[in-house]
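As provided, my_file.cif (mmCIF, C-alpha atoms) reads as follows.
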```
data_upload
loop_
_atom_site.label_atom_id
_atom_site.label_comp_id
_atom_site.auth_asym_id
_atom_site.auth_seq_id
_atom_site.Cartn_x
_atom_site.Cartn_y
_atom_site.Cartn_z
CA MET L 1 -6.70 -11.49 10.23
CA SER L 2 -7.96 -9.10 7.53
CA LYS L 3 -5.52 -7.97 4.87
CA ILE L 4 -5.07 -5.64 1.92
CA ILE L 5 -3.37 -7.50 -0.91
CA ALA L 6 -1.88 -5.76 -3.95
CA VAL L 7 -1.35 -7.81 -7.10
CA HIS L 8 1.46 -6.28 -9.13
CA SER L 9 3.96 -7.09 -11.88
CA TYR L 10 6.77 -5.48 -13.83
CA LYS L 11 5.27 -6.12 -17.25
CA GLY L 12 1.72 -6.31 -18.56
CA GLY L 13 0.08 -9.58 -19.52
CA THR L 14 1.43 -11.55 -16.57
CA GLY L 15 -2.04 -12.46 -15.31
CA LYS L 16 -2.59 -9.91 -12.54
CA THR L 17 -6.30 -9.46 -13.17
CA LEU L 18 -6.85 -13.20 -13.56
CA LEU L 19 -5.08 -13.78 -10.23
CA SER L 20 -6.83 -10.89 -8.43
CA VAL L 21 -10.33 -11.94 -9.45
CA ASN L 22 -9.78 -15.63 -8.87
CA LEU L 23 -7.94 -15.28 -5.55
CA ALA L 24 -10.75 -13.02 -4.34
CA ALA L 25 -13.40 -15.44 -5.64
CA THR L 26 -11.65 -18.38 -3.94
CA PHE L 27 -11.74 -16.54 -0.62
CA ALA L 28 -15.42 -15.65 -1.17
CA LYS L 29 -16.21 -19.32 -1.92
CA SER L 30 -14.73 -20.23 1.46
CA GLY L 31 -17.11 -17.81 3.19
CA LYS L 32 -14.96 -14.66 3.36
CA LYS L 33 -16.06 -11.12 2.64
CA VAL L 34 -13.85 -9.75 -0.13
CA CYS L 35 -13.62 -6.90 -2.59
CA VAL L 36 -11.51 -6.62 -5.71
CA PHE L 37 -10.44 -3.11 -6.81
CA ASP L 38 -9.38 -2.12 -10.31
CA LEU L 39 -6.43 0.23 -9.86
CA ASP L 40 -5.34 -0.04 -13.47
CA PHE L 41 -6.70 3.38 -14.40
CA ARG L 42 -4.89 3.48 -17.75
CA ALA L 43 -6.38 0.24 -19.00
CA PRO L 44 -9.39 -0.69 -16.84
CA SER L 45 -10.51 -4.27 -17.44
CA LEU L 46 -12.39 -5.52 -14.40
CA PHE L 47 -15.77 -4.26 -15.62
CA ALA L 48 -15.39 -6.37 -18.80
CA ILE L 49 -14.17 -9.50 -17.00
CA LEU L 50 -16.89 -9.36 -14.36
CA LYS L 51 -19.49 -8.24 -16.90
CA THR L 52 -20.99 -5.85 -14.38
CA PRO L 53 -23.90 -3.53 -15.09
CA ASN L 54 -22.88 0.09 -15.66
CA ALA L 55 -21.66 1.56 -12.40
CA ASP L 56 -23.03 4.86 -11.08
CA TYR L 57 -19.85 5.55 -9.16
CA TRP L 58 -16.29 4.43 -9.82
CA LEU L 59 -13.11 4.07 -7.80
CA ASN L 60 -12.01 7.24 -9.62
CA ASP L 61 -14.83 9.14 -7.84
CA TYR L 62 -13.78 7.85 -4.43
CA LEU L 63 -10.15 8.84 -5.04
CA ASN L 64 -11.30 12.24 -6.35
CA ASN L 65 -13.13 12.64 -3.03
CA THR L 66 -16.51 13.09 -4.73
CA CYS L 67 -18.18 10.09 -3.07
CA GLU L 68 -17.72 7.64 -0.22
CA ILE L 69 -16.46 4.11 -0.89
CA ASP L 70 -19.86 2.45 -0.23
CA LYS L 71 -21.31 4.03 -3.39
CA THR L 72 -18.65 2.43 -5.57
CA LEU L 73 -18.99 -1.15 -4.32
CA ILE L 74 -20.91 -3.56 -6.56
CA ASP L 75 -22.27 -6.64 -4.83
CA LEU L 76 -21.60 -9.72 -6.97
CA SER L 77 -22.09 -12.26 -4.17
CA SER L 78 -24.91 -14.02 -6.04
CA ARG L 79 -22.33 -15.30 -8.54
CA ILE L 80 -20.40 -17.19 -5.87
CA PRO L 81 -21.88 -20.21 -4.08
CA GLY L 82 -22.05 -20.26 -0.28
CA ASN L 83 -22.28 -17.52 2.31
CA GLY L 84 -19.25 -15.52 1.25
CA LYS L 85 -19.49 -11.95 -0.02
CA PHE L 86 -17.87 -10.83 -3.26
CA TYR L 87 -17.72 -7.15 -4.18
CA ALA L 88 -16.02 -5.22 -6.96
CA CYS L 89 -14.92 -1.59 -7.15
CA LEU L 90 -14.27 -0.62 -10.76
CA ALA L 91 -12.09 1.89 -12.57
CA ASN L 92 -13.94 4.11 -15.03
CA PRO L 93 -13.12 2.81 -18.55
CA SER L 94 -14.18 5.96 -20.45
CA THR L 95 -11.46 7.72 -22.45
CA GLU L 96 -12.18 10.94 -20.61
CA ALA L 97 -11.66 9.27 -17.23
CA ILE L 98 -8.43 7.59 -18.39
CA ARG L 99 -7.14 10.95 -19.63
CA ASP L 100 -8.15 12.61 -16.35
CA MET L 101 -6.38 9.97 -14.24
CA SER L 102 -3.21 10.26 -16.36
CA SER L 103 -2.91 13.98 -15.68
CA LYS L 104 -3.00 13.93 -11.86
CA ASP L 105 -0.24 15.73 -9.98
CA ARG L 106 1.83 14.65 -6.97
CA LYS L 107 -0.47 16.35 -4.48
CA TRP L 108 -3.46 14.46 -5.84
CA GLU L 109 -1.52 11.20 -5.70
CA MET L 110 -0.63 11.91 -2.07
CA ARG L 111 -4.30 12.41 -1.23
CA ALA L 112 -5.19 9.28 -3.20
CA LEU L 113 -2.77 7.33 -1.02
CA GLY L 114 -4.56 8.73 2.03
CA ARG L 115 -7.93 7.58 0.60
CA LEU L 116 -6.57 4.09 -0.08
CA LEU L 117 -5.11 3.87 3.42
CA ALA L 118 -8.47 4.97 4.84
CA LEU L 119 -10.05 1.79 3.42
CA ARG L 120 -8.35 -0.08 6.25
CA GLU L 121 -10.65 1.75 8.67
CA THR L 122 -13.85 1.94 6.59
CA LEU L 123 -13.86 -1.50 4.99
CA LEU L 124 -11.60 -3.81 7.05
CA LYS L 125 -12.45 -2.47 10.50
CA ASP L 126 -15.97 -1.00 10.23
CA GLN L 127 -17.52 -3.16 7.51
CA LYS L 128 -15.62 -6.34 8.47
CA PHE L 129 -14.18 -7.16 5.07
CA ASP L 130 -11.64 -9.99 5.27
CA TYR L 131 -9.60 -9.23 2.16
CA LEU L 132 -9.27 -6.32 -0.25
CA PHE L 133 -7.50 -7.10 -3.53
CA PHE L 134 -5.87 -4.24 -5.44
CA ASP L 135 -5.45 -5.16 -9.09
CA THR L 136 -2.74 -2.71 -10.20
CA SER L 137 -1.24 -1.49 -13.45
CA PRO L 138 2.20 -2.90 -14.31
CA GLY L 139 5.52 -1.20 -13.59
CA LEU L 140 6.22 1.94 -11.60
CA GLN L 141 2.97 3.88 -11.98
CA TYR L 142 1.84 6.18 -9.19
CA SER L 143 -1.40 4.24 -8.71
CA SER L 144 0.49 0.94 -8.42
CA ILE L 145 3.00 2.25 -5.90
CA ASN L 146 0.16 3.80 -3.89
CA ALA L 147 -1.49 0.38 -3.85
CA ILE L 148 1.74 -1.32 -2.75
CA VAL L 149 2.30 1.19 0.07
CA ALA L 150 -1.29 0.74 1.27
CA ALA L 151 -1.12 -3.08 1.13
CA ASP L 152 -0.08 -5.60 3.78
CA PHE L 153 1.06 -8.17 1.24
CA VAL L 154 2.09 -7.99 -2.42
CA VAL L 155 1.47 -10.82 -4.88
CA VAL L 156 4.10 -10.39 -7.59
CA ALA L 157 3.07 -11.99 -10.87
CA THR L 158 5.84 -12.89 -13.28
CA THR L 159 6.49 -15.12 -16.28
CA GLY L 160 9.60 -16.81 -17.67
CA ASP L 161 10.15 -13.97 -20.14
CA ARG L 162 13.74 -12.69 -19.72
CA SER L 163 12.86 -8.98 -19.64
CA ASP L 164 10.13 -9.72 -17.11
CA VAL L 165 12.53 -11.70 -14.90
CA ASP L 166 15.13 -8.89 -14.91
CA GLY L 167 12.53 -6.19 -14.26
CA THR L 168 10.89 -8.18 -11.48
CA LYS L 169 14.23 -8.70 -9.76
CA ARG L 170 14.88 -4.95 -9.91
CA MET L 171 11.45 -4.17 -8.49
CA LEU L 172 11.94 -6.64 -5.66
CA ALA L 173 15.21 -4.96 -4.71
CA GLU L 174 14.29 -1.35 -5.37
CA LEU L 175 10.59 -1.14 -4.61
CA TYR L 176 9.10 -3.80 -2.35
CA ASN L 177 12.23 -4.08 -0.19
CA LEU L 178 12.46 -0.33 0.29
CA PHE L 179 8.87 -0.28 1.52
CA GLU L 180 9.55 -3.40 3.64
CA LYS L 181 6.61 -5.21 2.03
CA LYS L 182 5.96 -8.90 2.42
CA THR L 183 5.83 -10.44 -1.03
CA GLY L 184 4.81 -13.75 -2.59
CA LEU L 185 5.92 -14.57 -6.10
CA VAL L 186 3.58 -16.25 -8.57
CA LEU L 187 5.26 -17.70 -11.64
CA ASN L 188 2.55 -17.74 -14.28
CA LYS L 189 2.24 -19.41 -17.71
CA VAL L 190 4.83 -22.06 -16.88
CA LEU L 191 5.45 -24.60 -19.65
CA ASP L 192 5.98 -28.31 -18.80
CA ALA L 193 5.23 -27.84 -15.12
CA SER L 194 3.19 -31.01 -14.73
CA ALA L 195 5.90 -33.46 -13.62
CA THR L 196 6.48 -33.25 -9.85
CA ALA L 197 10.28 -33.53 -10.14
CA LYS L 198 10.36 -30.72 -12.67
CA LYS L 199 8.05 -28.62 -10.48
CA THR L 200 10.27 -28.91 -7.40
CA GLU L 201 13.38 -28.21 -9.44
CA MET L 202 11.78 -25.09 -10.90
CA GLN L 203 10.56 -23.86 -7.52
CA ASN L 204 14.05 -24.18 -6.04
CA LYS L 205 15.57 -22.36 -9.01
CA ILE L 206 13.05 -19.52 -8.72
CA LYS L 207 13.62 -19.16 -4.99
CA ALA L 208 17.37 -18.99 -5.59
CA ASP L 209 16.96 -16.56 -8.49
CA TYR L 210 14.59 -14.09 -6.88
CA GLN L 211 15.48 -14.58 -3.19
CA VAL L 212 11.84 -14.13 -2.18
CA PRO L 213 9.14 -16.52 -0.96
CA MET L 214 7.03 -18.26 -3.59
CA LEU L 215 3.26 -18.20 -3.41
CA GLY L 216 2.74 -20.58 -6.30
CA MET L 217 3.37 -21.68 -9.83
CA VAL L 218 0.65 -21.68 -12.50
CA PRO L 219 1.12 -23.81 -15.61
CA CYS L 220 0.07 -22.48 -18.99
CA PHE L 221 -3.52 -23.73 -19.31
CA CYS L 222 -5.11 -23.64 -22.75
CA GLU L 223 -8.56 -23.45 -21.11
CA ILE L 224 -7.65 -20.13 -19.51
CA LEU L 225 -6.48 -18.73 -22.83
CA ARG L 226 -9.61 -20.02 -24.54
CA ALA L 227 -11.83 -18.38 -21.92
CA GLU L 228 -10.35 -15.00 -23.04
CA GLY L 229 -10.98 -13.48 -19.64
CA ASN L 230 -14.69 -14.15 -19.88
CA LEU L 231 -15.23 -15.98 -16.62
CA ILE L 232 -14.44 -16.26 -12.95
CA PHE L 233 -12.48 -19.46 -13.48
CA VAL L 234 -12.56 -20.85 -9.95
CA GLN L 235 -16.35 -20.48 -10.01
CA ASP L 236 -17.08 -21.83 -13.47
CA LYS L 237 -14.50 -24.67 -13.41
CA PRO L 238 -14.39 -25.86 -9.79
CA ASP L 239 -12.50 -29.08 -10.62
CA HIS L 240 -9.87 -27.56 -12.88
CA PRO L 241 -6.20 -27.77 -11.67
CA PHE L 242 -6.01 -23.94 -11.80
CA THR L 243 -8.82 -23.76 -9.23
CA LYS L 244 -6.89 -26.13 -6.96
CA ILE L 245 -3.67 -24.14 -7.29
CA LEU L 246 -5.56 -20.96 -6.35
CA ALA L 247 -7.06 -22.72 -3.32
CA GLU L 248 -3.53 -23.62 -2.15
CA MET L 249 -2.43 -20.02 -2.59
CA THR L 250 -5.33 -18.64 -0.54
CA LYS L 251 -4.58 -21.13 2.20
CA LYS L 252 -0.97 -19.92 2.33
CA ILE L 253 -2.07 -16.27 2.43
CA GLU L 254 -4.65 -16.95 5.14
CA ASN L 255 -2.24 -18.88 7.35
CA ASP L 256 0.67 -16.51 6.68
CA GLU L 257 2.66 -19.42 5.27
CA VAL L 258 4.27 -17.80 2.26
CA ASN L 259 7.85 -19.04 2.35
CA MET P 1 7.30 34.64 35.54
CA ILE P 2 7.38 30.87 35.70
CA ARG P 3 8.00 31.17 39.44
CA ASN P 4 4.77 33.21 39.83
CA ASP P 5 2.91 30.73 37.64
CA LEU P 6 3.99 27.82 39.73
CA SER P 7 3.68 29.29 43.21
CA ASN P 8 0.09 28.09 43.75
CA LYS P 9 0.45 24.66 42.16
CA LYS P 10 1.11 21.19 43.54
CA PRO P 11 4.60 19.67 43.16
CA LEU P 12 3.33 17.14 40.56
CA ASN P 13 1.92 19.92 38.41
CA ILE P 14 5.18 21.82 38.70
CA LEU P 15 7.13 18.77 37.55
CA GLU P 16 4.76 18.29 34.61
CA LYS P 17 5.20 21.92 33.65
CA ILE P 18 8.99 21.54 33.81
CA GLU P 19 8.84 18.37 31.70
CA GLU P 20 6.67 20.12 29.11
CA SER P 21 9.09 23.05 28.97
CA LEU P 22 12.03 20.69 28.59
CA GLU P 23 10.29 18.87 25.74
CA LYS P 24 9.63 22.15 23.96
CA LEU P 25 13.26 23.09 24.49
CA ASN P 26 14.34 19.71 23.16
CA ASP P 27 12.27 20.22 20.00
CA LYS P 28 13.86 23.61 19.45
CA ILE P 29 17.36 22.20 19.96
CA GLU P 30 16.65 19.42 17.44
CA ILE P 31 15.51 21.99 14.89
CA MET P 32 18.66 24.05 15.55
CA ILE P 33 20.81 20.95 15.07
CA GLU P 34 19.12 20.29 11.72
CA ILE P 35 19.63 23.89 10.64
CA GLN P 36 23.27 23.65 11.68
CA LYS P 37 23.74 20.40 9.69
CA ASN P 38 22.14 21.79 6.54
CA GLY P 39 23.86 25.13 6.96
CA ASN P 40 27.27 23.43 7.10
CA GLY P 41 26.51 21.54 3.89
CA ASN P 42 25.71 24.75 2.07
CA ASN P 43 28.48 26.91 3.55
CA GLY P 44 25.81 29.05 5.14
CA ASN P 45 24.09 29.82 1.85
CA ASN P 46 20.59 28.90 0.73
CA GLN P 47 19.61 27.71 4.19
CA LYS P 48 16.03 28.73 3.65
CA THR P 49 15.64 26.97 0.32
CA SER P 50 17.18 23.73 1.59
CA LEU P 51 15.08 23.57 4.73
CA ALA P 52 11.80 25.36 4.30
CA LEU P 53 9.64 23.39 1.90
CA PRO P 54 6.14 24.29 3.06
CA ASP P 55 4.50 22.72 0.00
CA ALA P 56 6.46 19.46 0.03
CA SER P 57 4.13 16.52 -0.53
CA LEU P 58 4.73 13.17 1.06
CA ASP P 59 3.78 11.12 -2.00
CA VAL P 60 5.11 7.65 -2.84
CA MET P 61 7.86 8.90 -5.17
CA THR P 62 9.12 11.15 -2.36
CA LEU P 63 9.00 8.18 0.01
CA LEU P 64 11.07 6.14 -2.47
CA SER P 65 13.75 8.81 -2.70
CA MET P 66 14.09 9.30 1.07
CA PRO P 67 16.96 7.88 3.09
CA ASP P 68 16.00 4.54 4.69
CA HIS P 69 15.85 5.85 8.28
CA LEU P 70 13.39 8.64 7.40
CA ARG P 71 11.33 6.43 5.09
CA LYS P 72 10.67 4.02 7.92
CA THR P 73 9.27 6.81 10.09
CA ALA P 74 7.34 8.40 7.20
CA MET P 75 5.75 5.06 6.23
CA VAL P 76 4.36 4.59 9.73
CA ILE P 77 2.95 8.10 9.89
CA CYS P 78 1.39 7.52 6.45
CA ARG P 79 -0.53 4.59 7.91
CA CYS P 80 -1.40 6.17 11.27
CA SER P 81 -2.07 9.60 9.75
CA ARG P 82 -1.54 11.17 13.22
CA ALA P 83 0.74 9.94 15.99
CA THR P 84 3.17 10.86 18.76
CA ALA P 85 6.87 9.97 18.62
CA GLU P 86 6.18 7.29 21.22
CA GLU P 87 3.47 5.66 19.09
CA ILE P 88 5.74 5.67 16.03
CA ALA P 89 8.60 4.21 18.12
CA GLU P 90 6.37 1.32 19.19
CA GLN P 91 5.96 0.30 15.54
CA THR P 92 9.49 0.95 14.29
CA LYS P 93 11.08 -0.62 17.42
CA ARG P 94 13.43 2.33 17.68
CA ALA P 95 13.93 4.68 20.64
CA ARG P 96 11.37 7.44 21.17
CA ALA P 97 14.09 10.10 21.13
CA VAL P 98 15.33 8.80 17.76
CA GLU P 99 11.83 8.92 16.29
CA SER P 100 11.30 12.37 17.75
CA ALA P 101 14.42 13.60 15.94
CA TYR P 102 13.36 12.01 12.62
CA LEU P 103 9.82 13.37 12.94
CA ASN P 104 11.11 16.86 13.60
CA GLN P 105 13.38 16.49 10.59
CA LEU P 106 10.33 15.60 8.45
CA VAL P 107 8.53 18.65 9.87
CA ILE P 108 11.44 20.89 8.90
CA MET P 109 11.48 19.37 5.43
CA GLY P 110 7.81 20.34 5.10
CA TYR P 111 6.39 16.82 4.86
CA LEU P 112 4.69 16.74 8.27
CA LYS P 113 2.89 19.14 10.56
CA LYS P 114 3.29 19.19 14.32
CA GLU P 115 0.70 20.14 16.89
CA ARG P 116 0.97 20.26 20.68
CA LYS P 117 -1.96 19.17 22.82
CA GLY P 118 -1.12 19.53 26.49
CA ARG P 119 2.06 17.59 27.10
CA LYS P 120 1.90 15.58 23.90
CA ALA P 121 3.21 16.52 20.47
CA TYR P 122 1.29 15.02 17.56
CA PHE P 123 2.73 14.65 14.08
CA PHE P 124 0.50 14.37 11.02
CA ILE P 125 0.33 14.71 7.25
CA ASP P 126 -1.79 17.66 6.27
CA ARG P 127 -3.14 16.05 3.08
CA GLU P 128 -6.17 18.27 2.62
CA ASN P 129 -4.46 21.62 3.05
CA GLN P 130 -1.54 20.90 0.74
CA SER P 131 -2.66 22.33 -2.59
#
```
Can the structure in the file be given as structure tokens, please?
Amino acid sequence: MSKIIAVHSYKGGTGKTLLSVNLAATFAKSGKKVCVFDLDFRAPSLFAILKTPNADYWLNDYLNNTCEIDKTLIDLSSRIPGNGKFYACLANPSTEAIRDMSSKDRKWEMRALGRLLALRETLLKDQKFDYLFFDTSPGLQYSSINAIVAADFVVVATTGDRSDVDGTKRMLAELYNLFEKKTGLVLNKVLDASATAKKTEMQNKIKADYQVPMLGMVPCFCEILRAEGNLIFVQDKPDHPFTKILAEMTKKIENDEVN
Amino acid sequence: MIRNDLSNKKPLNILEKIEESLEKLNDKIEIMIEIQKNGNGNNGNNQKTSLALPDASLDVMTLLSMPDHLRKTAMVICRCSRATAEEIAEQTKRARAVESAYLNQLVIMGYLKKERKGRKAYFFIDRENQS
């Protein structure tokens, strides 16, 4: 069943973009038709990570109602092996566009929510996309909450950082629960997570702490840090443990087995 | 007048007409109940300002600040964009009459618009005309 998935976090630097791109790429590798959207309008980064050619139209234009969604989609399927389809819809990184998006009023945000919700019809139903990934900005930004409301499932990225843990707990109670959203927690940058006993112990502790289902746990990999966001990891390093962890996560999402 | 209207019609049509009239009456009663509730809270003052919010926008921050029972209804209408109380009730698993009351409340608050087409009342968010 097709889904819209928002990837969100309380703080920045938790690995949202890394997760969004690589979860989407993993699905595409398995033959799905996916699109990853950059909804971080204050600090767009997808264009740099995916190293796309300059776009003629951006997600900003679609939300401003100046073009249809088809114009904004960039086909990057050739970068992924197999028959899957991988598209990206980018946020405009120009300073002018960032300033423009920061000054939108409530009425505009309400219409933007309508445009995001309409993607269910245009992309999931009409164009048969399997998954849309919304890479959001951290915290309680309008664009992020719009993405959460429009989504079927929210991947919540968090780290062991104390302020992140507290903030994430608050968001779970005061944001996702209020909107009755299904969530899956991803604990990222975990130190010493290699031993199986330690892994199980940590997973149980996290479940007890957050009281939400866990989607997965990602150890702190030096290779990811070294890559500096320059690659689609699951594509370039197919045998890396990170790639395998992502494959497990996609399986859970696909089979609705996040628990 | 209604008697003249109905004199040449079949019994089924007459019943449908009665049902439609009762539904319209029901809507009006629900609005009166809401006005009564709000009026009591304000000791009869500022009724207009507390109820009539023609420019109210149903954005996500508004959704967050709503009471749970209204948010549930508003969330469904956000996704459907246009629906009857019965269609909303199917998704929220609450009674149609309950949803009808909540939807009318959202109309009074200025977040939704209501339109009658034949016997059915449709509720929708007028995103394009809210400026």
Name every residue that the PyMOL selection byres ((chain L) within 8 of (chain P)) selects in this structure, writing the answer as a JSON list (two decimals) with C-alpha atoms, keeping the file's coordinate frame with chains first and numbers rising.
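And here is the file that came out, result00.json:
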```
[["chain", "number", "residue", "atom", "x", "y", "z"],
["L", 106, "ARG", "CA", 1.83, 14.65, -6.97],
["L", 107, "LYS", "CA", -0.47, 16.35, -4.48],
["L", 109, "GLU", "CA", -1.52, 11.20, -5.70],
["L", 110, "MET", "CA", -0.63, 11.91, -2.07],
["L", 111, "ARG", "CA", -4.30, 12.41, -1.23],
["L", 113, "LEU", "CA", -2.77, 7.33, -1.02],
["L", 114, "GLY", "CA", -4.56, 8.73, 2.03],
["L", 117, "LEU", "CA", -5.11, 3.87, 3.42],
["L", 142, "TYR", "CA", 1.84, 6.18, -9.19],
["L", 145, "ILE", "CA", 3.00, 2.25, -5.90],
["L", 146, "ASN", "CA", 0.16, 3.80, -3.89],
["L", 149, "VAL", "CA", 2.30, 1.19, 0.07],
["L", 150, "ALA", "CA", -1.29, 0.74, 1.27],
["L", 175, "LEU", "CA", 10.59, -1.14, -4.61],
["L", 178, "LEU", "CA", 12.46, -0.33, 0.29],
["L", 179, "PHE", "CA", 8.87, -0.28, 1.52]]
```
Can you list, as a short mmCIF file (atom, residue, chain, number, x, y, z; two decimals) with C-alpha atoms, keeping the file's coordinate frame, the residues that the PyMOL selection byres ((chain L and resi 34) around 8) selects here?
```cif
data_model
loop_
_atom_site.label_atom_id
_atom_site.label_comp_id
_atom_site.auth_asym_id
_atom_site.auth_seq_id
_atom_site.Cartn_x
_atom_site.Cartn_y
_atom_site.Cartn_z
CA ALA L 24 -10.75 -13.02 -4.34
CA ALA L 25 -13.40 -15.44 -5.64
CA PHE L 27 -11.74 -16.54 -0.62
CA ALA L 28 -15.42 -15.65 -1.17
CA LYS L 32 -14.96 -14.66 3.36
CA LYS L 33 -16.06 -11.12 2.64
CA CYS L 35 -13.62 -6.90 -2.59
CA VAL L 36 -11.51 -6.62 -5.71
CA LYS L 85 -19.49 -11.95 -0.02
CA PHE L 86 -17.87 -10.83 -3.26
CA TYR L 87 -17.72 -7.15 -4.18
CA PHE L 129 -14.18 -7.16 5.07
CA ASP L 130 -11.64 -9.99 5.27
CA TYR L 131 -9.60 -9.23 2.16
CA LEU L 132 -9.27 -6.32 -0.25
CA PHE L 133 -7.50 -7.10 -3.53
#
```
| said: Would you compute the distance between CA of Lys198 (chain L) and CA of Cys220 (chain L)? Give it in Å to one decimal. | reply: 14.6 Å
| task | Given the file shown, enumerate the residues that the PyMOL selection byres ((chain L and resi 144) around 10) captures and present them as a PyMOL selection string. | result | (chain L and resi 6-9+39-41+134-143+145-150) or (chain P and resi 60)
| message | as a PyMOL selection string, please: the residues near Glu19 (chain P) (cut-off 12 Å, all atoms listed in the file, same-chain neighbours under 6 positions excluded). | response | chain P and resi 12-13+25-26+118-120
| said: Between CA of Leu215 (chain L) and CA of Leu185 (chain L), what distance in Å does the model show, to one decimal? | reply: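 These atoms are spaced 5.2 Å apart.
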| query | Nearest to Ser20 (chain L) among L:Pro241, L:Val155, L:Ala55, L:Met101, with distances taken over only C-alpha atoms: which residue is it? | reply |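 Closest candidate: L:Val155.
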Report as AutoDock Vina command-line options the centre and the edge lengths, in Å to one decimal, of the axis-aligned box holding every listed atom of region 20-24 of chain L, padded by 8 Å on each side.
```
--center_x -8.8 --center_y -13.3 --center_z -6.9 --size_x 19.9 --size_y 20.7 --size_z 21.1
```
Lys113 (chain P): which residues within 9 Å, counting all atoms listed in the file, same-chain residues fewer than 5 positions away excluded, as an mmCIF file with C-alpha atoms, in the coordinates of the input?
```cif
data_model
loop_
_atom_site.group_PDB
_atom_site.id
_atom_site.type_symbol
_atom_site.label_atom_id
_atom_site.label_comp_id
_atom_site.auth_asym_id
_atom_site.auth_seq_id
_atom_site.Cartn_x
_atom_site.Cartn_y
_atom_site.Cartn_z
ATOM 1 C CA LEU P 106 10.330 15.600 8.450
ATOM 2 C CA VAL P 107 8.530 18.650 9.870
ATOM 3 C CA ILE P 108 11.440 20.890 8.900
ATOM 4 C CA TYR P 122 1.290 15.020 17.560
ATOM 5 C CA PHE P 123 2.730 14.650 14.080
ATOM 6 C CA PHE P 124 0.500 14.370 11.020
ATOM 7 C CA ILE P 125 0.330 14.710 7.250
ATOM 8 C CA ASP P 126 -1.790 17.660 6.270
#
```
